[in-house]
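What follows is a single structure, written as structure tokens, with notes after it.
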Amino acid sequence: MDKAQEIAKQEEKSVEKTREMYEATPAVDIYENEDEILLHADMPGVVKEDISVDIDNGTLSISGVRKLETEGAATYEEFSDVEYVRSFSVPQTIDVDRVEAELKEGVLRLHLPKSEAAKPRQIEIKTT
Amino acid sequence: MFTKISDIDRLFGTMNLLQRKLDNLYGDYERPSGYRWELESAAPRTNLYEHGDNFEIRAEVPGLEKDDLNVKIQGNYLEISGERKSDAPEGYKTHKTERGIGFFSRSFTLPADVDSTKVEATLKNGVLYLTLPKHEAAKPKKISIS
């Protein structure tokens, strides 16, 4: 009986949270050639200022927050405010200083150039 | 051993909180694009809002340009269709493709007729915004009581 009362009382102390942000995984396409790795992520409705791209110790994390400006309740809602989050492990051979990102039509495009040292090189065999 | 009504209320409040948390938990399985393979390439996710004299429709259409989309209106029937083209670069090896490509089409029957001459459509950040003013006959009218 006492436990039940304790649980009930707990509710009172907790501050009521405003609607929580959903976390979603953005769909991505990954392509690779000799010079770079490309990553295209779908993030509709997200603006440049709300995106963050981090590379740390071989892990690439992208996150973008979308806030829809809505007045009042929706009649029918299939998408709402969401935070797109996803991480990937990238090979150590990526040149972090030359990474480029572009946001267009709600698609985030990342260019991850490979460092010179990692590019495949043909070794010439000398005959003596 | 009397139980106060307010205590019972609080107990139900806690149970509601638990219910909501569970709803959110399963809700996540329906919402994120990673889990909705069929719907991803079949139809864009859409929201419908109603503000007095207008309907507003928003659809998630990332990666689409103006020319790739078609919007058709007739009375209270709305159809959004288009083609998502692949932006895969030439000569690259593909590791992963999750973003669906191809034609899609989605139609709606709106709760009221729309004035098709005054419809506005904008494409911003991969979201299509449609403002559909209601037909004169369908607008809410104030009735004065004599």
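In the structure tokens, chains take letters A, B, ... by order of appearance, with residues numbered from 1 within each chain and ligands from 1 in the order shown.
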Considering only C-alpha atoms, give me a table of residues in chain A that are at most 6 Å from chain B, with the closest atom pair and distance in Å for each, as a Markdown table.
| residue | atom | partner | partner_atom | distance |
| --- | --- | --- | --- | --- |
| A:Ala8 | CA | B:Leu11 | CA | 4.7 |
| A:Ala24 | CA | B:Pro32 | CA | 4.5 |
| A:Thr25 | CA | B:Gly34 | CA | 5.6 |
| A:Ala27 | CA | B:Glu98 | CA | 5.3 |
| A:Val28 | CA | B:Glu98 | CA | 5.5 |
| A:Asp29 | CA | B:Thr97 | CA | 4.4 |
| A:Ile30 | CA | B:Lys96 | CA | 5.0 |
| A:Tyr31 | CA | B:Thr94 | CA | 4.5 |
| A:Glu32 | CA | B:Lys93 | CA | 5.0 |
| A:Asn33 | CA | B:Tyr92 | CA | 4.8 |
| A:Pro44 | CA | B:Gly126 | CA | 4.8 |
| A:Gly45 | CA | B:Asn125 | CA | 5.0 |
| A:Ala74 | CA | B:Tyr49 | CA | 4.7 |
| A:Thr75 | CA | B:Tyr49 | CA | 5.2 |
| A:Tyr76 | CA | B:Leu48 | CA | 4.9 |
| A:Glu77 | CA | B:Asn47 | CA | 4.4 |
| A:Glu78 | CA | B:Thr46 | CA | 5.6 |
| A:Glu105 | CA | B:Gly126 | CA | 4.3 |
| A:Gly106 | CA | B:Gly126 | CA | 4.2 |
| A:Val107 | CA | B:Gly63 | CA | 5.8 |
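For Ser61 of chain A, the list of residues within 8 Å, based on only C-alpha atoms and with local chain neighbours fewer than 2 positions off taken out, reads Val53, Asp54, Ile55, Thr59, Ser63, Val85, Arg86, Ser87 and Phe88 of chain A.
With only C-alpha atoms as the atoms that count, the minimum distance from Gln92 of chain A to the choices A:Lys104, A:Arg109, A:Arg66, A:Lys114 is reached by A:Lys114.
Counting from atom CA of Pro91 of chain A, the distance to atom CA of Ile62 of chain A is 16.1 Å.
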Which of chain B fall in strand (DSSP E or B), as a PyMOL selection string: chain B and resi 46-51+54-60+69-74+77-84+93-97+102-109+114+120-124+127-134
Point-to-point distance from atom CA of Tyr84 of chain A to atom CA of Asp42 of chain A, Å rounded to tenths: 9.1 Å
